[in-house]
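Peer 1: I am attaching a structure below and will ask some questions about it afterwards.
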Amino acid sequence: MLLSLLVLSLVGREPLIRIASAEPVDRLLYAVGDRIITAGDLAFDVDIDAHDACPIPALEAPDYPREQRLVDLTIIRALASDTVIYRPTADEVEARWERVRATWARPEDFEAFMARWGIDGESLRGYLYSRLVVEHYIRRVAGTGDAPVESAAFVPIYQRWITDIRTRVPVRTAP
């Protein structure tokens with residue numbers, strides 16, 4: 001009864017909010033455990049990679065499909081969680097930040113990059129922090145001593161390791 005009265009009282013009134021058009025803001029690509037990867041995440045990964053080359057060649061291998069790499073990095077970041085031994089120091093994060101910032105010829109270009117992605121310095125530092133956590137995890141967990149993780153010889157070791165890890169985390173592809 002109360003609902004009927006509410007509906008009748010709203011009939012003929014102007015809507016509270018007008019929506020000019022509905023456009024998707026981003027598109028879901030994958031659900032990795034309890035985390036998601038969007039098309040925007042993938043595009044950002046492509047854009048930032050030109051400025052933040054990973055020191056682990058296995059993550060930069062030319063035959064490593066970018067979407068699979070992003071899924072794998074998400075899996076590894078979830079596994080590392082906030083475990084103390086994988087956390088980078090503030091100095092490591094700041095050094096990485098400075099290295100990334102230095103890849104732009106002009107400070108205005110760097111600011112334009114951040115504006116284009118809608119991020120600020122703190123957000124970018126958070127992203128770099130997560131990348132460092134993943135690198136620390138790989139060094140500590142996947143490193144076998146057979147080959148330094150910074151070497152090309154580590155690539156097949158990493159590939160075998162990550163193939164096994166993928167079986168432990170549910171990954172759903174968006175329709």
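Chain identifiers are assigned as A, B, and so on, following the order in which chains appear in the structure tokens; residues are numbered from 1 within each chain, and ligands are numbered from 1 in order of appearance.
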Counting only C-alpha atoms, what is within 12 Å of Ala39 in chain A, bar same-chain residues fewer than 3 positions away, as an NGL selection string?

Peer 2: :A and (24-30 or 36 or 42-46 or 66-67 or 70 or 174)

Peer 1: Save out the residues we just selected, C-alpha atoms, as a JSON list (two decimals), in the first residue's frame.

Peer 2:
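Result file follows (again-v9.json):
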```json
[["chain", "number", "residue", "atom", "x", "y", "z"],
["A", 24, "PRO", "CA", 30.44, 2.50, -20.39],
["A", 25, "VAL", "CA", 33.28, 3.93, -18.33],
["A", 26, "ASP", "CA", 35.42, 0.81, -18.55],
["A", 27, "ARG", "CA", 35.05, -2.81, -19.55],
["A", 28, "LEU", "CA", 35.66, -5.79, -17.30],
["A", 29, "LEU", "CA", 38.13, -8.25, -18.85],
["A", 30, "TYR", "CA", 38.92, -10.72, -16.06],
["A", 36, "ILE", "CA", 39.25, -7.47, -11.38],
["A", 42, "LEU", "CA", 45.33, -3.13, -19.67],
["A", 43, "ALA", "CA", 45.68, 0.20, -21.50],
["A", 44, "PHE", "CA", 47.47, 1.75, -18.51],
["A", 45, "ASP", "CA", 49.83, -1.24, -18.35],
["A", 46, "VAL", "CA", 50.75, -0.68, -22.00],
["A", 66, "ARG", "CA", 50.10, -8.76, -22.32],
["A", 67, "GLU", "CA", 46.68, -9.83, -21.01],
["A", 70, "LEU", "CA", 48.51, -8.76, -16.36],
["A", 174, "ALA", "CA", 34.21, -11.52, -18.82]]
```

Peer 1: May I have all residues of chain A that DSSP, computed from the backbone, assigns to strand (DSSP E), given as a count of residues only?

Peer 2: 12

Peer 1: I want to know what sits within 10 Å of Val93 in chain A, based on only C-alpha atoms, with residues of the same chain fewer than 6 positions away left out; could you give that as a JSON list (two decimals) with C-alpha atoms, in the first residue's frame?

Peer 2:
```json
[["chain", "number", "residue", "atom", "x", "y", "z"],
["A", 87, "ARG", "CA", 57.21, -5.02, 0.89],
["A", 99, "ARG", "CA", 63.30, 6.60, -12.56],
["A", 125, "ARG", "CA", 53.60, 5.52, -6.22],
["A", 126, "GLY", "CA", 50.99, 2.98, -5.07],
["A", 127, "TYR", "CA", 51.05, 1.33, -8.48],
["A", 128, "LEU", "CA", 54.87, 1.22, -8.44],
["A", 129, "TYR", "CA", 54.76, -0.17, -4.89],
["A", 130, "SER", "CA", 52.60, -3.06, -6.14],
["A", 131, "ARG", "CA", 54.96, -3.73, -9.03],
["A", 132, "LEU", "CA", 57.87, -3.87, -6.60]]
```

Peer 1: Ranking A:Ala50, A:Leu59, A:Ala31, A:Leu73 by minimum distance to Ala102 in chain A and counting only C-alpha atoms, which one comes first?

Peer 2: A:Ala50

Peer 1: Which residues are near range 136-152 of chain A? Cut-off 9 Å, only C-alpha atoms, ignore same chain within fewer than 6 positions. Put them as a PyMOL selection string.

Peer 2: chain A and resi 55-58+61+76-77+79-80+85-88+158+161-162

Peer 1: Which residue gives the smallest distance to Arg168 in chain A among A:Asp72, A:Glu60, A:Ala53, A:Ile37, with only C-alpha atoms counted?

Peer 2: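 Selected residue with least distance to Arg168 in chain A: A:Asp72.
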
Peer 1: Nearest to Arg101 in chain A among A:Asp34, A:Asp63, A:Asp52, A:Asp164, with distances taken over only C-alpha atoms: which residue is it?

Peer 2: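 Checking each of A:Asp34, A:Asp63, A:Asp52, A:Asp164 against Arg101 in chain A, counting only C-alpha atoms, the winner is A:Asp52.
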
Peer 1: Using DSSP secondary structure from the backbone, list all alpha helix (DSSP H) positions within chain A, as a PyMOL selection string.

Peer 2: chain A and resi 2-10+39-49+57-60+66-80+90-101+107-117+121-137+155-166
